[in-house]
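Peer 1: File work_29.pdb follows (PDB, C-alpha atoms and all ligand atoms):
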ATOM      1  CA  MET A   1      83.854  79.839  82.935
ATOM      2  CA  ASN A   2      83.292  80.328  86.640
ATOM      3  CA  GLY A   3      81.626  83.744  86.678
ATOM      4  CA  TRP A   4      84.636  85.375  88.343
ATOM      5  CA  PRO A   5      87.095  86.122  85.577
ATOM      6  CA  HIS A   6      90.823  86.128  86.261
ATOM      7  CA  PRO A   7      92.398  89.565  86.681
ATOM      8  CA  GLU A   8      95.137  90.365  84.184
ATOM      9  CA  TRP A   9      97.895  89.734  86.765
ATOM     10  CA  CYS A  10      96.609  86.237  87.750
ATOM     11  CA  ALA A  11      98.798  83.285  86.757
ATOM     12  CA  GLN A  12      95.644  81.555  85.444
ATOM     13  CA  ASP A  13      97.174  78.119  86.010
ATOM     14  CA  HIS A  14      97.478  75.664  88.937
ATOM     15  CA  GLN A  15      98.526  78.584  91.219
ATOM     16  CA  CYS A  16      95.049  80.132  90.927
ATOM     17  CA  THR A  17      92.472  78.210  92.968
ATOM     18  CA  VAL A  18      89.363  80.053  91.816
ATOM     19  CA  THR A  19      86.759  77.683  90.495
ATOM     20  CA  GLY A  20      82.993  77.792  90.413
ATOM     21  CA  THR A  21      82.773  75.480  93.445
ATOM     22  CA  ASN A  22      85.729  76.499  95.673
ATOM     23  CA  PRO A  23      84.624  79.098  98.261
ATOM     24  CA  ALA A  24      88.233  79.493  99.446
ATOM     25  CA  GLY A  25      89.618  80.168  95.986
ATOM     26  CA  GLN A  26      92.255  82.799  95.397
ATOM     27  CA  HIS A  27      93.636  84.457  92.306
ATOM     28  CA  ARG A  28      97.426  84.282  92.561
ATOM     29  CA  SER A  29     100.080  85.956  90.457
ATOM     30  CA  PRO A  30     103.157  84.123  89.247
ATOM     31  CA  PRO A  31     105.917  84.490  91.873
ATOM     32  CA  MET A  32     107.990  87.632  91.331
ATOM     33  CA  ARG A  33     111.593  87.019  92.390
ATOM     34  CA  TRP A  34     114.422  89.445  92.961
ATOM     35  CA  ASN A  35     118.001  88.421  93.675
ATOM     36  CA  THR A  36     119.394  90.902  96.161
ATOM     37  CA  ALA A  37     122.688  91.655  97.899
ATOM     38  CA  TYR A  38     121.429  89.759 100.974
ATOM     39  CA  GLY A  39     119.805  86.784  99.193
ATOM     40  CA  SER A  40     116.439  86.974  97.457
ATOM     41  CA  LEU A  41     112.884  88.207  97.802
ATOM     42  CA  VAL A  42     109.805  86.456  96.372
ATOM     43  CA  ALA A  43     106.397  88.133  96.177
ATOM     44  CA  VAL A  44     102.988  86.770  95.152
ATOM     45  CA  ARG A  45      99.923  88.958  94.690
ATOM     46  CA  VAL A  46      96.684  87.372  95.944
ATOM     47  CA  GLN A  47      92.994  88.292  95.741
ATOM     48  CA  ASP A  48      90.389  86.306  97.670
ATOM     49  CA  LEU A  49      86.735  85.786  96.791
ATOM     50  CA  ASN A  50      85.746  88.755  98.969
ATOM     51  CA  GLY A  51      87.808  91.002  96.716
ATOM     52  CA  ARG A  52      90.523  91.598  99.323
ATOM     53  CA  HIS A  53      94.037  91.985  97.972
ATOM     54  CA  TRP A  54      97.095  90.511  99.669
ATOM     55  CA  MET A  55     100.810  90.256  99.097
ATOM     56  CA  GLU A  56     102.739  87.225 100.241
ATOM     57  CA  LEU A  57     106.445  87.873 100.746
ATOM     58  CA  ARG A  58     109.231  85.387 101.327
ATOM     59  CA  ALA A  59     112.746  86.630 101.992
ATOM     60  CA  HIS A  60     115.852  84.501 101.937
ATOM     61  CA  VAL A  61     118.424  86.366 103.984
ATOM     62  CA  ARG A  62     122.002  85.308 104.665
ATOM     63  CA  LEU A  63     122.758  85.722 108.371
ATOM     64  CA  GLY A  64     125.989  85.966 110.371
ATOM     65  CA  GLU A  65     128.277  83.095 111.240
ATOM     66  CA  SER A  66     128.165  83.106 115.042
ATOM     67  CA  ASP A  67     125.078  82.038 117.000
ATOM     68  CA  LEU A  68     124.889  85.318 118.919
ATOM     69  CA  ALA A  69     125.235  87.512 115.834
ATOM     70  CA  THR A  70     122.791  85.346 113.919
ATOM     71  CA  GLN A  71     120.159  85.565 116.658
ATOM     72  CA  GLU A  72     120.536  89.345 116.859
ATOM     73  CA  GLN A  73     120.295  89.687 113.071
ATOM     74  CA  ALA A  74     117.228  87.446 112.923
ATOM     75  CA  SER A  75     115.491  89.422 115.659
ATOM     76  CA  GLN A  76     116.300  92.775 114.069
ATOM     77  CA  LEU A  77     115.250  91.521 110.660
ATOM     78  CA  ALA A  78     111.824  90.409 111.903
ATOM     79  CA  VAL A  79     111.255  93.695 113.745
ATOM     80  CA  GLN A  80     112.366  95.884 110.825
ATOM     81  CA  VAL A  81     110.318  93.935 108.261
ATOM     82  CA  ASP A  82     107.258  94.297 110.493
ATOM     83  CA  LEU A  83     107.848  98.049 110.811
ATOM     84  CA  ALA A  84     108.309  98.454 107.049
ATOM     85  CA  VAL A  85     105.102  96.521 106.312
ATOM     86  CA  ARG A  86     103.187  98.546 108.909
ATOM     87  CA  ARG A  87     104.405 101.838 107.356
ATOM     88  CA  ILE A  88     103.012 100.829 103.962
ATOM     89  CA  ALA A  89      99.995  98.663 104.841
ATOM     90  CA  LEU A  90      98.547 100.776 107.650
ATOM     91  CA  ARG A  91      99.090 104.265 106.298
ATOM     92  CA  PRO A  92      95.969 106.317 105.631
ATOM     93  CA  LYS A  93      94.475 105.590 102.249
ATOM     94  CA  PRO A  94      94.668 108.502  99.783
ATOM     95  CA  SER A  95      91.385 110.199  98.990
ATOM     96  CA  ARG A  96      89.617 109.697  95.666
ATOM     97  CA  GLN A  97      90.427 113.302  94.828
ATOM     98  CA  ALA A  98      94.137 112.754  95.501
ATOM     99  CA  ILE A  99      94.151 109.798  93.080
ATOM    100  CA  THR A 100      91.858 111.022  90.309
ATOM    101  CA  GLY A 101      91.939 114.791  90.798
ATOM    102  CA  LYS A 102      88.145 114.702  90.962
ATOM    103  CA  ALA A 103      85.948 115.256  93.991
ATOM    104  CA  LYS A 104      83.428 112.580  94.998
ATOM    105  CA  PRO A 105      80.168 113.066  93.059
ATOM    106  CA  ARG A 106      77.247 114.296  95.175
TER     107      ARG A 106
HETATM  108 ZN    ZN A 201      92.798  83.517  88.770
END
Can you turn what I pasted into C-alpha cells?
Peer 2:
Amino acid sequence: MNGWPHPEWCAQDHQCTVTGTNPAGQHRSPPMRWNTAYGSLVAVRVQDLNGRHWMELRAHVRLGESDLATQEQASQLAVQVDLAVRRIALRPKPSRQAITGKAKPR
C-alpha cells in the first residue's frame, strides 16, 4: 500500500504510475475509445499527485485526398478542437450551491 489509494476509475495496473516512491506518479484510467464517423477518439482520465485532474484525448481523423484540402482540414480541425476544449475547460466553475443546492456553511 502506498498511502494514496487508487480512485475507483483508475486502471490499477501498469498504466497507473503511483507508487510510494514515484513523485511524478499519476493515476490513469483505462483508455476509453469511441469509433466515430470520422475515425476514432481515445480518452484517458489522469490525476497527478497534487490532486489535479486531466483528460488526455487522441483523435484519429480521416482527412481529404488533396494536399490543399488536407492542409485546410487539419488547420480547421486543430482550431476547432482548441475552441471546444476552451469552452469546456475554461468556463466558470459552478458554485457549491449550484451543485449541492446548499449554501456554503459560515
Ligand atoms: Zn492508480
Peer 1: Do you know which residues the PyMOL selection byres (((not hetatm)) within 8 of (chain A and resi 201)) returns on this file, as a ChimeraX atom specification?
Peer 2: /A:5-7,10-13,15-18,26-29
Peer 1: Go ahead and compute the interatomic distance for CA of Ser95 (chain A) and CA of Met55 (chain A), in Å to one decimal.
Peer 2: 22.1 Å
Peer 1: Run the PyMOL selection byres (((chain A and resi 44) around 8) and not hetatm) mentally over the shown coordinates, then write out the matched residues as a list of chain:residue names, using the chain letters and numbers from the document.
Peer 2: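 Applied to this file, the PyMOL selection byres (((chain A and resi 44) around 8) and not hetatm) returns A:Arg28, A:Ser29, A:Pro30, A:Pro31, A:Met32, A:Val42, A:Ala43, A:Arg45, A:Val46, A:Met55, A:Glu56, A:Leu57.
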Peer 1: Just the number, please: distance in Å from CA of Tyr38 (chain A) to CA of Val61 (chain A), one decimal.
Peer 2: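 These two atoms are separated by 5.4 Å.
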Peer 1: Using only C-alpha atoms, which of A:Gln97, A:Ser66, A:Asn50, A:Asn35 sits nearest Trp4 (chain A)?
Peer 2: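 So, comparing all the options, the nearest one is A:Asn50.
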Peer 1: I'd like the interatomic distance between CA of Glu8 (chain A) and CA of Gly25 (chain A), to a tenth of an Å.
Peer 2: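 Calculated distance between CA of Glu8 (chain A) and CA of Gly25 (chain A) is 16.5 Å.
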Peer 1: Between A:Trp54, A:Arg62, A:Ala74, A:His14, single out the one closest to Ala89 (chain A), counting only C-alpha atoms.
Peer 2: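 Closest to Ala89 (chain A), using only C-alpha atoms: A:Trp54.
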Peer 1: If you count only C-alpha atoms, which residues fall within 8 Å of His60 (chain A), apart from same-chain ones fewer than 4 positions away, as a list of chain:residue names?
Peer 2: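 Once the nearby chain positions are removed, what remains is A:Tyr38, A:Gly39, A:Ser40, A:Leu41.
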Peer 1: Padding of 3 Å on every side, edges along x, y and z, all listed atoms of region 41-59 of chain A included: what centre and edge lengths in Å, to one decimal, does that box have, as JSON?
Peer 2:
{"center_x": 99.3, "center_y": 88.7, "center_z": 98.3, "size_x": 33.1, "size_y": 12.6, "size_z": 13.3}
Peer 1: Please provide as number ranges by chain all residues within 12 Å of Leu77 (chain A), with the sequence filter that same-chain residues fewer than 3 positions apart are discarded (counting only C-alpha atoms).
Peer 2: A: 38, 59-63, 69-74, 80-84
Peer 1: Extract region 71-105 of chain A from the coordinates I pasted, and write it as a short mmCIF file (atom, residue, chain, number, x, y, z; two decimals), in the first residue's frame (atoms kept: N, CA and C atoms).
Peer 2:
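Dumped everything to part33.cif:
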data_model
loop_
_atom_site.label_atom_id
_atom_site.label_comp_id
_atom_site.auth_asym_id
_atom_site.auth_seq_id
_atom_site.Cartn_x
_atom_site.Cartn_y
_atom_site.Cartn_z
N GLN A 71 -4.59 20.10 -45.85
CA GLN A 71 -3.99 21.14 -45.00
C GLN A 71 -5.06 22.01 -44.40
N GLU A 72 -6.07 22.40 -45.19
CA GLU A 72 -7.14 23.23 -44.68
C GLU A 72 -7.93 22.48 -43.60
N GLN A 73 -8.24 21.22 -43.85
CA GLN A 73 -8.96 20.43 -42.84
C GLN A 73 -8.15 20.31 -41.56
N ALA A 74 -6.87 20.03 -41.68
CA ALA A 74 -6.02 19.87 -40.49
C ALA A 74 -5.98 21.17 -39.69
N SER A 75 -5.85 22.29 -40.37
CA SER A 75 -5.81 23.57 -39.68
C SER A 75 -7.13 23.85 -38.96
N GLN A 76 -8.23 23.66 -39.69
CA GLN A 76 -9.55 23.89 -39.08
C GLN A 76 -9.81 22.94 -37.92
N LEU A 77 -9.39 21.71 -38.07
CA LEU A 77 -9.58 20.73 -37.00
C LEU A 77 -8.86 21.18 -35.73
N ALA A 78 -7.61 21.57 -35.85
CA ALA A 78 -6.84 22.00 -34.68
C ALA A 78 -7.49 23.22 -34.02
N VAL A 79 -7.91 24.18 -34.82
CA VAL A 79 -8.53 25.39 -34.27
C VAL A 79 -9.85 25.05 -33.57
N GLN A 80 -10.69 24.25 -34.21
CA GLN A 80 -12.00 23.93 -33.64
C GLN A 80 -11.89 23.06 -32.39
N VAL A 81 -10.94 22.15 -32.36
CA VAL A 81 -10.72 21.34 -31.15
C VAL A 81 -10.29 22.25 -30.01
N ASP A 82 -9.36 23.16 -30.29
CA ASP A 82 -8.90 24.10 -29.26
C ASP A 82 -10.07 24.92 -28.74
N LEU A 83 -10.92 25.42 -29.62
CA LEU A 83 -12.07 26.22 -29.18
C LEU A 83 -13.04 25.39 -28.33
N ALA A 84 -13.28 24.15 -28.74
CA ALA A 84 -14.19 23.29 -27.97
C ALA A 84 -13.63 23.01 -26.58
N VAL A 85 -12.33 22.73 -26.50
CA VAL A 85 -11.70 22.46 -25.19
C VAL A 85 -11.76 23.72 -24.33
N ARG A 86 -11.47 24.87 -24.92
CA ARG A 86 -11.52 26.12 -24.15
C ARG A 86 -12.92 26.37 -23.59
N ARG A 87 -13.97 26.11 -24.42
CA ARG A 87 -15.35 26.33 -23.95
C ARG A 87 -15.65 25.51 -22.71
N ILE A 88 -15.17 24.28 -22.66
CA ILE A 88 -15.45 23.41 -21.52
C ILE A 88 -14.48 23.64 -20.37
N ALA A 89 -13.17 23.69 -20.67
CA ALA A 89 -12.15 23.71 -19.62
C ALA A 89 -12.03 25.06 -18.93
N LEU A 90 -12.35 26.14 -19.63
CA LEU A 90 -12.13 27.47 -19.06
C LEU A 90 -13.42 28.16 -18.65
N ARG A 91 -14.54 27.46 -18.71
CA ARG A 91 -15.78 28.12 -18.30
C ARG A 91 -15.77 28.28 -16.78
N PRO A 92 -16.52 29.27 -16.29
CA PRO A 92 -16.57 29.47 -14.84
C PRO A 92 -17.07 28.21 -14.15
N LYS A 93 -16.44 27.91 -13.03
CA LYS A 93 -16.85 26.73 -12.27
C LYS A 93 -18.17 27.01 -11.57
N PRO A 94 -19.10 26.03 -11.55
CA PRO A 94 -20.37 26.26 -10.86
C PRO A 94 -20.14 26.38 -9.36
N SER A 95 -21.00 27.15 -8.72
CA SER A 95 -20.86 27.35 -7.27
C SER A 95 -21.25 26.07 -6.53
N ARG A 96 -20.84 26.00 -5.27
CA ARG A 96 -21.20 24.85 -4.44
C ARG A 96 -22.73 24.76 -4.35
N GLN A 97 -23.37 25.91 -4.24
CA GLN A 97 -24.83 25.91 -4.11
C GLN A 97 -25.50 25.39 -5.37
N ALA A 98 -24.91 25.71 -6.54
CA ALA A 98 -25.50 25.23 -7.79
C ALA A 98 -25.39 23.71 -7.90
N ILE A 99 -24.32 23.13 -7.32
CA ILE A 99 -24.12 21.68 -7.40
C ILE A 99 -24.92 20.95 -6.34
N THR A 100 -24.83 21.44 -5.09
CA THR A 100 -25.44 20.68 -3.98
C THR A 100 -26.79 21.23 -3.56
N GLY A 101 -27.10 22.46 -3.96
CA GLY A 101 -28.35 23.08 -3.51
C GLY A 101 -28.22 23.68 -2.12
N LYS A 102 -26.98 23.58 -1.56
CA LYS A 102 -26.77 24.12 -0.21
C LYS A 102 -25.77 25.26 -0.26
N ALA A 103 -26.03 26.28 0.52
CA ALA A 103 -25.09 27.41 0.61
C ALA A 103 -23.86 26.99 1.41
N LYS A 104 -22.75 27.68 1.19
CA LYS A 104 -21.51 27.41 1.92
C LYS A 104 -21.73 27.67 3.41
N PRO A 105 -21.33 26.71 4.27
CA PRO A 105 -21.50 26.93 5.71
C PRO A 105 -20.67 28.11 6.19
#
